[in-house]
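One file, structure28.txt, carrying compact mmCIF, C-alpha atoms and all ligand atoms:
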```txt
# COMPACT_ATOMS: atom_id res chain seq x y z
CA MET O 1 112.70 142.16 81.61
CA GLY O 2 112.71 139.23 83.97
CA GLU O 3 114.26 135.90 83.20
CA ARG O 4 112.13 133.66 80.98
CA VAL O 5 110.29 130.62 82.34
CA GLU O 6 108.32 128.26 80.11
CA ILE O 7 104.96 126.98 81.32
CA VAL O 8 104.07 123.74 79.53
CA GLU O 9 100.30 123.26 79.44
CA MET O 10 99.15 119.83 80.62
CA GLY O 11 95.37 120.26 80.95
CA PRO O 12 94.13 118.39 77.87
CA ARG O 13 96.24 115.35 78.82
CA ASP O 14 97.18 115.15 82.52
CA GLY O 15 93.98 117.04 83.31
CA LEU O 16 91.38 115.22 81.29
CA GLN O 17 92.86 111.71 81.65
CA ASN O 18 91.54 111.64 85.21
CA GLU O 19 87.96 112.74 84.64
CA ALA O 20 85.45 110.17 85.84
CA ARG O 21 83.41 110.27 82.64
CA PRO O 22 84.86 110.55 79.16
CA ILE O 23 84.85 113.97 77.52
CA SER O 24 83.85 114.26 73.89
CA VAL O 25 86.49 114.78 71.23
CA SER O 26 84.82 118.07 70.32
CA GLY O 27 85.09 119.19 73.96
CA LYS O 28 88.80 118.34 74.02
CA VAL O 29 89.35 120.12 70.71
CA ALA O 30 87.56 123.22 72.05
CA LEU O 31 89.85 123.24 75.10
CA VAL O 32 93.03 122.87 73.04
CA ASP O 33 91.87 125.57 70.62
CA ALA O 34 91.18 127.92 73.53
CA LEU O 35 94.69 127.22 74.89
CA SER O 36 96.46 127.59 71.54
CA GLY O 37 96.24 131.39 71.49
CA VAL O 38 97.36 131.91 75.10
CA GLY O 39 101.09 131.97 74.35
CA PHE O 40 102.15 128.46 75.33
CA GLN O 41 105.00 127.01 73.28
CA ARG O 42 103.90 123.47 74.13
CA ILE O 43 100.54 121.93 74.95
CA GLU O 44 100.24 118.23 75.86
CA VAL O 45 97.08 117.26 74.05
CA ALA O 46 97.05 113.51 73.57
CA SER O 47 98.01 110.16 75.01
CA PHE O 48 98.50 107.07 72.89
CA VAL O 49 98.17 104.54 75.68
CA SER O 50 95.92 101.51 75.94
CA ALA O 51 92.26 102.57 76.05
CA LYS O 52 91.71 99.63 78.40
CA TRP O 53 94.04 101.30 80.90
CA VAL O 54 93.00 104.92 80.39
CA PRO O 55 89.67 105.11 78.54
CA GLN O 56 89.57 108.89 78.87
CA MET O 57 92.38 109.28 76.35
CA ALA O 58 90.68 107.28 73.58
CA GLY O 59 90.23 109.39 70.46
CA SER O 60 93.58 111.15 70.84
CA ASP O 61 94.15 110.77 67.08
CA GLN O 62 90.86 112.60 66.46
CA VAL O 63 91.88 115.36 68.85
CA LEU O 64 95.13 115.93 66.96
CA ALA O 65 93.23 115.85 63.67
CA GLY O 66 90.53 118.23 64.91
CA ILE O 67 92.50 121.05 66.49
CA THR O 68 93.49 124.23 64.71
CA ARG O 69 97.26 124.27 64.96
CA VAL O 70 98.79 127.61 65.74
CA PRO O 71 102.28 128.19 64.32
CA GLY O 72 104.90 128.22 67.07
CA VAL O 73 102.94 125.86 69.33
CA ARG O 74 104.16 122.27 69.69
CA TYR O 75 101.38 119.74 70.27
CA VAL O 76 102.70 116.94 72.46
CA ALA O 77 101.54 113.32 72.90
CA LEU O 78 102.34 110.84 75.66
CA VAL O 79 103.54 107.44 74.40
CA PRO O 80 104.31 104.35 76.51
CA ASN O 81 105.89 102.19 73.78
CA LEU O 82 106.56 101.86 70.05
CA GLN O 83 102.90 101.17 69.31
CA GLY O 84 102.02 104.48 70.94
CA LEU O 85 104.80 106.29 69.09
CA GLU O 86 103.60 105.02 65.71
CA ALA O 87 100.09 106.22 66.52
CA ALA O 88 101.44 109.61 67.61
CA LEU O 89 103.47 109.95 64.41
CA ALA O 90 100.48 108.98 62.28
CA ALA O 91 98.51 111.71 64.07
CA ASP O 92 101.33 114.19 63.42
CA ALA O 93 102.29 115.00 67.02
CA ASP O 94 105.10 117.57 67.10
CA GLU O 95 106.75 116.12 70.19
CA VAL O 96 106.24 112.95 72.22
CA ALA O 97 106.88 112.04 75.84
CA VAL O 98 107.82 108.71 77.41
CA PHE O 99 107.10 108.17 81.08
CA ALA O 100 109.02 106.22 83.69
CA SER O 101 108.80 106.05 87.46
CA ALA O 102 111.39 106.35 90.21
CA SER O 103 109.52 103.70 92.19
CA GLU O 104 108.89 100.09 91.20
CA GLY O 105 105.38 99.96 92.67
CA PHE O 106 104.07 102.84 90.58
CA SER O 107 105.89 101.61 87.48
CA ARG O 108 104.06 98.27 87.75
CA ALA O 109 100.69 99.85 88.48
CA ASN O 110 100.95 102.50 85.78
CA ILE O 111 102.61 100.74 82.85
CA ASN O 112 102.76 97.09 83.85
CA ALA O 113 106.57 96.97 83.75
CA SER O 114 109.52 97.25 86.10
CA ILE O 115 111.60 100.43 85.83
CA GLU O 116 114.30 98.52 83.93
CA GLU O 117 111.79 96.96 81.53
CA SER O 118 110.24 100.37 80.89
CA LEU O 119 113.61 101.90 80.05
CA GLU O 120 114.30 99.03 77.64
CA ARG O 121 110.90 99.65 76.07
CA PHE O 122 111.73 103.33 75.54
CA ARG O 123 115.05 102.71 73.78
CA PRO O 124 113.51 101.81 70.38
CA VAL O 125 111.00 104.65 70.84
CA LEU O 126 113.89 107.12 71.15
CA GLU O 127 115.66 105.59 68.15
CA ARG O 128 112.62 105.73 65.89
CA ALA O 129 111.73 109.27 67.01
CA ARG O 130 115.29 110.41 66.31
CA ASP O 131 115.12 108.89 62.81
CA VAL O 132 112.00 110.90 62.01
CA GLY O 133 113.18 114.06 63.80
CA VAL O 134 110.58 114.17 66.57
CA PRO O 135 111.84 115.41 69.97
CA VAL O 136 111.21 113.19 72.97
CA ARG O 137 110.61 114.39 76.50
CA GLY O 138 110.97 112.00 79.44
CA TYR O 139 108.95 111.99 82.65
CA VAL O 140 109.99 110.57 85.98
CA SER O 141 107.01 109.98 88.26
CA CYS O 142 107.00 109.68 92.04
CA VAL O 143 110.05 111.89 92.55
CA THR O 144 109.36 112.21 96.27
CA ASP O 145 106.57 109.76 97.13
CA CYS O 146 104.97 106.65 95.67
CA PRO O 147 101.35 105.66 96.39
CA TYR O 148 102.48 102.07 96.93
CA GLU O 149 105.94 102.40 98.54
CA GLY O 150 105.98 105.71 100.42
CA ALA O 151 109.06 107.96 100.36
CA VAL O 152 111.31 107.63 97.31
CA ALA O 153 115.10 108.03 97.57
CA PRO O 154 116.53 111.06 95.70
CA GLU O 155 119.20 108.80 94.19
CA ALA O 156 116.53 106.59 92.60
CA VAL O 157 115.13 109.67 90.85
CA ALA O 158 118.58 110.76 89.73
CA GLN O 159 119.28 107.34 88.19
CA VAL O 160 116.10 107.26 86.12
CA ALA O 161 116.45 110.92 85.07
CA ALA O 162 120.03 110.28 83.91
CA ALA O 163 119.01 107.11 82.05
CA LEU O 164 116.29 109.00 80.16
CA GLN O 165 118.68 111.77 79.23
CA GLN O 166 121.36 109.30 78.13
CA MET O 167 118.95 107.53 75.82
CA GLY O 168 118.13 110.84 74.12
CA CYS O 169 115.35 112.67 75.95
CA PHE O 170 116.03 116.38 75.40
CA GLU O 171 114.26 117.24 78.67
CA VAL O 172 113.34 115.32 81.79
CA SER O 173 110.23 116.39 83.68
CA LEU O 174 110.30 115.52 87.37
CA GLY O 175 106.84 114.53 88.57
CA ASP O 176 105.58 114.87 92.11
CA THR O 177 102.72 112.64 91.07
CA LEU O 178 100.95 112.68 94.42
CA GLY O 179 101.59 116.33 95.31
CA ARG O 180 102.96 115.17 98.64
CA GLY O 181 106.48 116.54 98.23
CA ALA O 182 107.39 119.05 100.93
CA PRO O 183 109.78 121.74 99.64
CA GLU O 184 112.78 120.47 101.63
CA ARG O 185 112.35 116.98 100.15
CA VAL O 186 111.94 118.41 96.65
CA ASP O 187 115.14 120.35 97.24
CA ALA O 188 117.01 117.21 98.33
CA MET O 189 115.69 115.34 95.29
CA LEU O 190 116.81 118.15 92.96
CA GLY O 191 120.23 118.19 94.61
CA ALA O 192 120.69 114.52 93.69
CA VAL O 193 119.32 114.90 90.15
CA LEU O 194 121.49 117.95 89.41
CA GLU O 195 124.61 115.89 90.02
CA ARG O 196 123.63 113.90 86.90
CA VAL O 197 121.44 116.16 84.74
CA GLU O 198 121.90 119.91 84.22
CA ALA O 199 119.10 122.32 85.26
CA GLY O 200 118.61 123.44 81.65
CA ALA O 201 117.42 119.94 80.73
CA LEU O 202 114.94 119.62 83.59
CA ALA O 203 111.31 120.54 84.12
CA GLY O 204 109.23 120.56 87.30
CA HIS O 205 105.85 118.78 87.28
CA PHE O 206 104.16 119.42 90.59
CA HIS O 207 100.70 118.17 91.44
CA ASP O 208 98.97 120.36 93.98
CA SER O 209 97.08 117.88 96.17
CA PHE O 210 98.35 119.47 99.39
CA GLY O 211 98.65 123.06 98.14
CA ARG O 212 102.45 123.07 98.06
CA ALA O 213 103.09 123.07 94.34
CA LEU O 214 104.03 126.76 94.15
CA GLU O 215 106.46 126.38 97.04
CA ASN O 216 108.03 123.51 95.13
CA VAL O 217 108.21 125.63 91.99
CA ALA O 218 110.05 128.27 94.05
CA VAL O 219 112.54 125.67 95.27
CA ALA O 220 113.13 124.45 91.71
CA LEU O 221 113.54 128.02 90.43
CA GLY O 222 116.20 128.47 93.10
CA ARG O 223 117.94 125.38 91.72
CA GLY O 224 117.92 126.83 88.19
CA VAL O 225 114.96 124.96 86.68
CA ARG O 226 113.14 127.17 84.14
CA VAL O 227 110.44 124.90 82.70
CA PHE O 228 107.28 123.97 84.63
CA ASP O 229 104.25 121.89 83.79
CA ALA O 230 100.86 123.25 84.76
CA SER O 231 97.23 122.52 84.05
CA VAL O 232 94.60 125.10 83.15
CA ALA O 233 92.06 125.39 85.99
CA GLY O 234 94.19 122.88 87.92
CA LEU O 235 92.53 120.03 86.01
CA GLY O 236 93.63 116.52 86.64
CA GLY O 237 95.39 113.78 88.49
CA CYS O 238 96.63 110.33 87.56
CA PRO O 239 94.34 107.29 87.38
CA TYR O 240 97.05 105.13 89.00
CA ALA O 241 97.79 107.58 91.84
CA PRO O 242 94.67 107.46 94.02
CA GLY O 243 93.88 110.75 95.77
CA ALA O 244 96.26 112.87 93.71
CA SER O 245 94.80 116.09 92.36
CA GLY O 246 95.78 118.13 89.33
CA ASN O 247 98.96 119.91 88.38
CA VAL O 248 99.48 123.38 89.74
CA ALA O 249 96.97 125.62 87.93
CA SER O 250 98.47 127.45 84.94
CA GLU O 251 96.73 130.66 86.08
CA ALA O 252 98.22 130.43 89.59
CA LEU O 253 101.67 129.68 88.20
CA ALA O 254 101.55 132.62 85.78
CA VAL O 255 100.50 135.02 88.55
CA PHE O 256 103.19 133.62 90.85
CA LEU O 257 105.86 134.12 88.17
CA ASP O 258 104.66 137.68 87.57
CA ALA O 259 104.93 138.38 91.29
CA THR O 260 108.43 136.93 91.50
CA GLY O 261 109.78 138.78 88.48
CA PHE O 262 109.90 136.03 85.85
CA GLU O 263 108.56 136.33 82.28
CA HIS O 264 106.17 133.61 81.09
CA GLY O 265 104.77 135.06 77.87
CA LEU O 266 101.14 134.07 78.53
CA GLU O 267 98.17 136.39 78.02
CA LEU O 268 96.23 136.17 81.25
CA GLU O 269 92.85 137.16 79.79
CA LYS O 270 93.04 134.43 77.17
CA LEU O 271 94.20 131.99 79.83
CA GLN O 272 91.17 132.91 81.92
CA ALA O 273 88.90 132.27 78.94
CA ALA O 274 90.52 128.85 78.42
CA SER O 275 90.04 128.18 82.11
CA GLU O 276 86.30 128.79 81.69
CA VAL O 277 86.23 126.25 78.84
CA ALA O 278 88.01 123.76 81.12
CA ARG O 279 85.57 124.35 83.97
CA ARG O 280 82.57 123.84 81.69
CA LEU O 281 84.06 120.58 80.41
CA ARG O 282 84.61 119.37 83.95
CA GLU O 283 81.04 120.23 84.92
CA GLU O 284 79.73 118.37 81.89
CA ALA O 285 81.79 115.33 82.90
CA ALA O 286 80.76 115.43 86.56
P1 LIG J 301 100.02 95.89 78.82
O1 LIG J 301 98.64 95.31 79.02
O2 LIG J 301 101.15 95.32 79.62
O3 LIG J 301 100.40 95.86 77.25
O4 LIG J 301 99.94 97.45 79.01
P2 LIG J 301 100.70 94.71 76.26
O5 LIG J 301 101.90 95.12 75.47
O6 LIG J 301 100.69 93.36 76.94
O7 LIG J 301 99.41 94.79 75.30
C1 LIG J 301 98.11 94.53 75.79
C2 LIG J 301 97.09 95.21 74.89
O8 LIG J 301 97.30 96.60 74.92
C3 LIG J 301 97.21 94.79 73.42
O9 LIG J 301 95.91 94.83 72.86
C4 LIG J 301 98.01 95.92 72.81
O10 LIG J 301 97.74 96.10 71.44
C5 LIG J 301 97.48 97.11 73.59
P3 LIG J 301 95.01 93.50 72.74
O11 LIG J 301 95.82 92.56 71.90
O12 LIG J 301 94.79 92.98 74.16
O13 LIG J 301 93.75 93.99 72.10
N1 LIG J 301 98.44 98.22 73.62
C6 LIG J 301 98.14 99.48 73.21
N2 LIG J 301 96.99 100.01 72.75
C7 LIG J 301 97.03 101.33 72.42
N3 LIG J 301 98.13 102.08 72.54
C8 LIG J 301 99.29 101.58 72.99
C9 LIG J 301 99.32 100.21 73.35
N4 LIG J 301 100.29 99.40 73.81
C10 LIG J 301 99.74 98.18 73.97
N5 LIG J 301 100.36 102.36 73.10
C11 LIG J 301 100.69 99.69 78.60
C12 LIG J 301 101.10 98.25 78.92
C13 LIG J 301 101.92 100.56 78.78
C14 LIG J 301 100.19 99.77 77.15
C15 LIG J 301 99.55 100.09 79.57
O14 LIG J 301 99.95 99.82 80.88
C16 LIG J 301 99.19 101.55 79.46
O15 LIG J 301 98.64 101.98 78.45
N6 LIG J 301 99.48 102.35 80.51
C17 LIG J 301 99.26 103.78 80.49
C18 LIG J 301 98.95 104.30 81.86
C19 LIG J 301 98.76 105.78 81.78
O16 LIG J 301 98.49 106.35 80.74
N7 LIG J 301 98.86 106.44 82.94
C20 LIG J 301 98.68 107.86 83.03
C21 LIG J 301 99.78 108.62 82.38
S1 LIG J 301 101.26 108.73 83.38
C22 LIG J 301 101.02 110.13 84.36
O17 LIG J 301 99.94 110.68 84.37
C23 LIG J 301 102.18 110.69 85.14
C24 LIG J 301 102.73 111.99 84.56
O18 LIG J 301 101.73 112.98 84.48
C25 LIG J 301 103.89 112.51 85.43
C26 LIG J 301 103.54 112.54 86.92
O19 LIG J 301 102.58 113.22 87.29
O20 LIG J 301 104.22 111.84 87.65
C27 LIG J 301 103.28 111.77 83.13
MG MG J 302 101.15 114.26 86.15
```
Can you dump the structure from the file as structure tokens?
Ligand code: HMG
Ligand code: MG
Amino acid sequence: MGERVEIVEMGPRDGLQNEARPISVSGKVALVDALSGVGFQRIEVASFVSAKWVPQMAGSDQVLAGITRVPGVRYVALVPNLQGLEAALAADADEVAVFASASEGFSRANINASIEESLERFRPVLERARDVGVPVRGYVSCVTDCPYEGAVAPEAVAQVAAALQQMGCFEVSLGDTLGRGAPERVDAMLGAVLERVEAGALAGHFHDSFGRALENVAVALGRGVRVFDASVAGLGGCPYAPGASGNVASEALAVFLDATGFEHGLELEKLQAASEVARRLREEAA
């Protein structure tokens, strides 16, 4: 048996948030339900952000209410602040995720706050989540490049990753938001982060805009990272990162892990069926 790698499914959130036209709640529920039997331990299904900023994620409470929860699967929601956390708790999310950036320009554009302000905003979120026993993941965006500032220093990523871990995030997911990170730059970034945060508490979140996501996964595997975010059918992008495409496709990642001798625990036929549901949704939205 190969070493175990967890694929965290992002499609219903990072995927659908970027669709040009909103997708119905029933469509989102159908996608999550198709993904629930695939073998994922975590599926990011909701985002309790301002509907003025990201209209596509409106109705996240109805998505969480409408899905058929499969035991053993954690249904995750993105939250930018306490207001978002309260909404996620009311909707019974199993895990939440806060999101920061390693670059000031993206932080401003994405969440209307400086990096420092965003970290201050997350502190009470972490405290409240701890009180109610809900695990919190942390994202760092723009780990190699920022759409507004260009190349990002590895040390800047390390600082934000360490701050998120220190305030209580059990895992920090490192986002190549633009998919521009070349493997050698991803490696340098990981080198800096690993001086502050251990590999077992990290995840890789590679967008595939330039077709290099799997190479970056390979680099991160070499550095000891064993959790990767991926999006069924490669859905997605970020509304505040113009030109970025989706996360590495879950199907491609699973096949890559098979070929490199890692276990991922997903059933490929069921994943393919979920991928068809995702494609149909995207066609409906186009
Ligand atoms: P703001 O305008 O500065 O917020 O937005 P505010 O506190 O001044 O409040 C303004 C209004 O927003 C108020 O309503 C609040 O109630 C409302 P009004 O009085 O005007 O009617 N509001 C909210 N409504 C619903 N849910 C909330 C919430 N908070 C305030 N949680 C804010 C600041 C953070 C809310 C906004 O900028 C926002 O929602 N940003 C989200 C952007 C986003 O979702 N981006 C995509 C996700 S990040 C990503 O994709 C990257 C990732 O995949 C990793 C990677 O790839 O790098 C994670
Ligand atoms: Mg992303």
Can you report as AutoDock Vina command-line options the centre and edge lengths in Å, to one decimal, of an axis-aligned box around the listed atoms of ligand LIG 301 (chain J) padded with 4 Å on each side?
```
--center_x 99.0 --center_y 102.9 --center_z 79.5 --size_x 18.5 --size_y 28.7 --size_z 24.2
```
Can you list every residue of chain O that has an atom at most 6 Å from ligand LIG 301 (chain J), with its nearest atom pair and the distance in Å to one decimal, using only C-alpha atoms and all ligand atoms, ordered by chain then number, as a Markdown table?
```
| residue | atom | partner | partner_atom | distance |
| --- | --- | --- | --- | --- |
| O:Asp14 | CA | J:LIG301 | O18 | 5.4 |
| O:Phe48 | CA | J:LIG301 | N3 | 5.0 |
| O:Val49 | CA | J:LIG301 | O15 | 3.8 |
| O:Ser50 | CA | J:LIG301 | N2 | 3.7 |
| O:Trp53 | CA | J:LIG301 | O15 | 5.3 |
| O:Val54 | CA | J:LIG301 | O16 | 5.7 |
| O:Pro80 | CA | J:LIG301 | C13 | 5.0 |
| O:Asn81 | CA | J:LIG301 | N5 | 5.6 |
| O:Gln83 | CA | J:LIG301 | N5 | 4.7 |
| O:Gly84 | CA | J:LIG301 | N5 | 3.5 |
| O:Phe99 | CA | J:LIG301 | C27 | 5.6 |
| O:Asn110 | CA | J:LIG301 | C18 | 4.8 |
| O:Ile111 | CA | J:LIG301 | O14 | 3.4 |
| O:Asn112 | CA | J:LIG301 | O2 | 4.9 |
| O:Tyr139 | CA | J:LIG301 | C27 | 5.7 |
| O:Ser141 | CA | J:LIG301 | O20 | 3.4 |
| O:Cys142 | CA | J:LIG301 | O20 | 5.6 |
| O:Gly175 | CA | J:LIG301 | O20 | 3.9 |
| O:Asp176 | CA | J:LIG301 | O20 | 5.6 |
| O:Thr177 | CA | J:LIG301 | O20 | 3.8 |
| O:Cys238 | CA | J:LIG301 | O17 | 4.6 |
```
Might you pull out every residue within 7 Å of Ile7 (chain O), with all atoms listed in the file counted and same-chain residues fewer than 5 positions away left off, and present them as a PyMOL selection string?
chain O and resi 40+227-230+264
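Here CA of Ser47 (chain O) is placed at a distance of 9.1 Å from CA of Ala97 (chain O).
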Please determine, counting only C-alpha atoms, which residue among O:Ala162, O:Ala90, O:Glu283, O:Ser275 has the shortest atom-to-atom distance to Ala30 (chain O).
O:Ser275
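Checking O:Ala109, O:Leu178, O:Val134, O:Val255 one by one against ligand MG 302 (chain J), counting all atoms listed in the file, you find the shortest gap at O:Leu178.
Neighbours of Pro71 (chain O) closer than or equal to 10 Å, with only C-alpha atoms counted and sequence neighbours fewer than 4 positions away skipped, come out as Ser36, Gly37 and Gln41 of chain O.
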Quick one: everything within 8 Å of Ala77 (chain O), counting only C-alpha atoms, minus sequence neighbours fewer than 3 positions away in the same chain. Send it as a list of chain:residue names.
O:Glu44, O:Val45, O:Ala46, O:Ser47, O:Phe48, O:Ala88, O:Ala93, O:Glu95, O:Val96, O:Ala97
